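Comments concern the structure below.
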Amino acid sequence: MPLTIRDLQDYKRQGRIITALTAWDALSGAWVDASGCDMVLVGDSLAMVSLGHPTTLPVSLGAMVHHAQAVGRTIHRPLLVADLPFLSYQCGAEQAVAAAGRFLKETPCQAVKLEGAEPETMAAISRLVRTGIPVMGHLGLTPQSVHRLGWGRQACSAPDQEQLRQKALDLQQQGCFALVLEHIPAVLAGGLRRELDIPVIGIGAGPDCDGQILVTADLLGLTARQPPFVKPRLQGAEMFKQALQGWCHEQRHQGQTTHPPKEGNPPTPDC
């Protein structure tokens, strides 16, 4: 049976660490399903990992639903969550409900994730929760705000940390079932883990969280640009490149050995 939101909340109460990974297609979905992780996020990071964009901003709602469908075909146990992409929820609660509803109606996703806690986002979250759509929050480094915040560590000053803390409390109050904290000081994340009743999932936020999430492609060394808080477990891109280059070289060498060039008329085709 697939895990549920209640299972993850029970894990927090039990002190059991929650493990989460991202996936972007059926192949990566099968990888993370086999890992034994508790949650799989179809993150808008697939805009960069799979579609070749420099940021997460260009990916469309339709593309996210398409990728969530593919991931969902190979996911069996983990809770499946999807990111709402840029401008699918910032322009009004009605649009947010329509966008989030597509994931619950057209994919196996059980919840959606939204970035930030601006007034418009809070209104959207409130409406989603009241509609029956579970929401995961996301604070700290929010990639959809990269042009305003950049890629660096967030909430480094005392005033910024207090502001983030208040936003986290507000997200819990609005009904978020969990919260992702990205690239913030570990002491801040640890404090929020103890203060909040909902699971706190860290990414580059230190070890003192209820769980950890990473972009799978970063963990496997498949991305050209590694975040500073991710040490790849293997050099996947180089390994794949060498394997494919080796195969191409072998085929060319074998062809030169078994099929030397002949003079005269070309061979007759087989068909």
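By convention in this document, the chains of the structure tokens carry letters A, B, ... by their order, each chain's residues are numbered from 1, and ligands are numbered from 1 in the order they are shown.
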
**Request:** Do a neighbour search on Asp10 of chain A at 10 Å with only C-alpha atoms, toss out local chain neighbours closer than 5 positions, and write the hits as a ChimeraX atom specification.
**Result:** /A:4-5,15-16,198-199

Saved selection, atoms kept: N, CA and C atoms, as a PDB file, in the first residue's frame:
ATOM      1  N   THR A   4       0.897   7.361   3.126  1.00  0.00           N
ATOM      2  CA  THR A   4      -0.031   8.489   3.138  1.00  0.00           C
ATOM      3  C   THR A   4       0.572   9.656   3.917  1.00  0.00           C
ATOM      4  N   ILE A   5      -0.088  10.781   3.834  1.00  0.00           N
ATOM      5  CA  ILE A   5       0.331  11.958   4.592  1.00  0.00           C
ATOM      6  C   ILE A   5       0.338  11.647   6.086  1.00  0.00           C
ATOM      7  N   GLY A  15       9.888   9.942  15.660  1.00  0.00           N
ATOM      8  CA  GLY A  15      11.302  10.259  15.530  1.00  0.00           C
ATOM      9  C   GLY A  15      11.979   9.508  14.402  1.00  0.00           C
ATOM     10  N   ARG A  16      11.205   8.988  13.461  1.00  0.00           N
ATOM     11  CA  ARG A  16      11.756   8.251  12.318  1.00  0.00           C
ATOM     12  C   ARG A  16      12.048   9.224  11.175  1.00  0.00           C
ATOM     13  N   ILE A 198       4.264  19.811  12.271  1.00  0.00           N
ATOM     14  CA  ILE A 198       4.299  19.124  10.985  1.00  0.00           C
ATOM     15  C   ILE A 198       5.740  18.734  10.641  1.00  0.00           C
ATOM     16  N   PRO A 199       5.928  17.725   9.795  1.00  0.00           N
ATOM     17  CA  PRO A 199       7.292  17.331   9.424  1.00  0.00           C
ATOM     18  C   PRO A 199       8.048  18.446   8.709  1.00  0.00           C
TER      19      PRO A 199
END

Write out as a PDB file with C-alpha atoms, in the first residue's frame each polymer residue whose atoms come within 12 Å of segment 146-150 of chain A, counting only C-alpha atoms; drop sequence neighbours fewer than 2 positions from it.
ATOM      1  CA  PRO A  54      18.537  27.231 -16.921  1.00  0.00           C
ATOM      2  CA  THR A  55      15.862  27.719 -14.216  1.00  0.00           C
ATOM      3  CA  THR A  56      12.610  26.081 -13.131  1.00  0.00           C
ATOM      4  CA  LEU A  57      10.483  28.943 -14.439  1.00  0.00           C
ATOM      5  CA  PHE A  86       5.457  29.118 -11.697  1.00  0.00           C
ATOM      6  CA  GLU A 115       6.815  27.853  -2.753  1.00  0.00           C
ATOM      7  CA  GLY A 116       6.782  30.869  -0.474  1.00  0.00           C
ATOM      8  CA  LEU A 139      10.594  28.193   2.378  1.00  0.00           C
ATOM      9  CA  GLY A 140      14.201  29.371   2.191  1.00  0.00           C
ATOM     10  CA  LEU A 141      15.738  29.102  -1.248  1.00  0.00           C
ATOM     11  CA  THR A 142      12.684  29.062  -3.511  1.00  0.00           C
ATOM     12  CA  PRO A 143      13.838  28.465  -7.102  1.00  0.00           C
ATOM     13  CA  GLN A 144      10.788  30.145  -8.626  1.00  0.00           C
ATOM     14  CA  GLY A 152      22.615  31.505  -2.343  1.00  0.00           C
ATOM     15  CA  ARG A 153      21.831  30.536   1.242  1.00  0.00           C
ATOM     16  CA  GLN A 154      18.775  32.295   2.642  1.00  0.00           C
ATOM     17  CA  ALA A 155      17.814  33.679   6.069  1.00  0.00           C
ATOM     18  CA  HIS A 183      19.500  26.106   1.886  1.00  0.00           C
TER      19      HIS A 183
END

**Residues flagged alpha helix (DSSP H) by DSSP in segment 59-185 of chain A, as number ranges by chain** = A: 61-72, 93-106, 119-131, 146-149, 158-174

**Message:** Just checking: using only C-alpha atoms, which residue out of A:Ala63, A:Leu27, A:Ile17, A:Val129 ends up closest to Arg193 of chain A?
**Reply:**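 That would be A:Ile17, the residue with the smallest distance to Arg193 of chain A.
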
**Asked** Out of A:Trp31, A:Tyr89, A:Trp24, A:Tyr11, which residue has the shortest atom-to-atom distance to Ala70 of chain A when counting only C-alpha atoms?
**Response**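 The shortest atom-to-atom distance to Ala70 of chain A comes from A:Trp24.
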
**Request:** Write out as a list of chain:residue names all residues of segment 44-191 of chain A that DSSP puts in strand (DSSP E or B) for this structure's backbone.
**Result:** A:Leu79, A:Leu80, A:Val81, A:Ala82, A:Asp83, A:Ala111, A:Val112, A:Lys113, A:Val135, A:Met136, A:Gly137, A:His138, A:Leu139, A:Gly140, A:Ala178, A:Leu179, A:Val180, A:Leu181, A:Glu182

**Separation of atom CA of Val81 of chain A from atom CA of Gln174 of chain A, in Å and rounded to one decimal** = 18.4 Å

**Message:** Applying 10 Å and only C-alpha atoms, which residues near segment 58-62 of chain A remain after dropping the ones on its own chain fewer than 5 positions away? List them as a list in words.
**Reply:**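 The residues satisfying every condition are Asp44, Ser45, Leu46, Ala47, Met48, Leu51, His53, His67, Ala68, Asp83, Leu84, Pro85, Phe86, Leu87, Ser88, Ala99, Ala100, Arg102, Phe103 and Gln144 of chain A.
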
**Message:** Just checking: using only C-alpha atoms, which residue out of A:Ile133, A:Val230, A:Ala96, A:Leu244 ends up closest to Val215 of chain A?
**Reply:**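 Of A:Ile133, A:Val230, A:Ala96, A:Leu244, the one nearest Val215 of chain A, counting only C-alpha atoms, is A:Val230.
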
**Fill in**
Shortest contact to Leu80 of chain A, candidates A:Gln95, A:Ser126, A:Thr22, A:Gln254, atoms counted only C-alpha atoms, goes to A:Thr22

**Request:** For Pro78 of chain A, work out the shell of residues within 8 Å, counting only C-alpha atoms and skipping chain neighbours fewer than 6 positions away, then give it as a ChimeraX atom specification.
**Result:** /A:2-3,33,36-40

**Asked** Which is closest to Trp151 of chain A among A:Gln173, A:Gln245, A:Gln226, A:Ser35, if we use only C-alpha atoms?
**Response** A:Gln226

**Asked** atom CA of Ala93 of chain A to atom CA of Ala124 of chain A: how many Å, to one decimal?
**Response**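 For atom CA of Ala93 of chain A relative to atom CA of Ala124 of chain A, the distance reads 4.3 Å.
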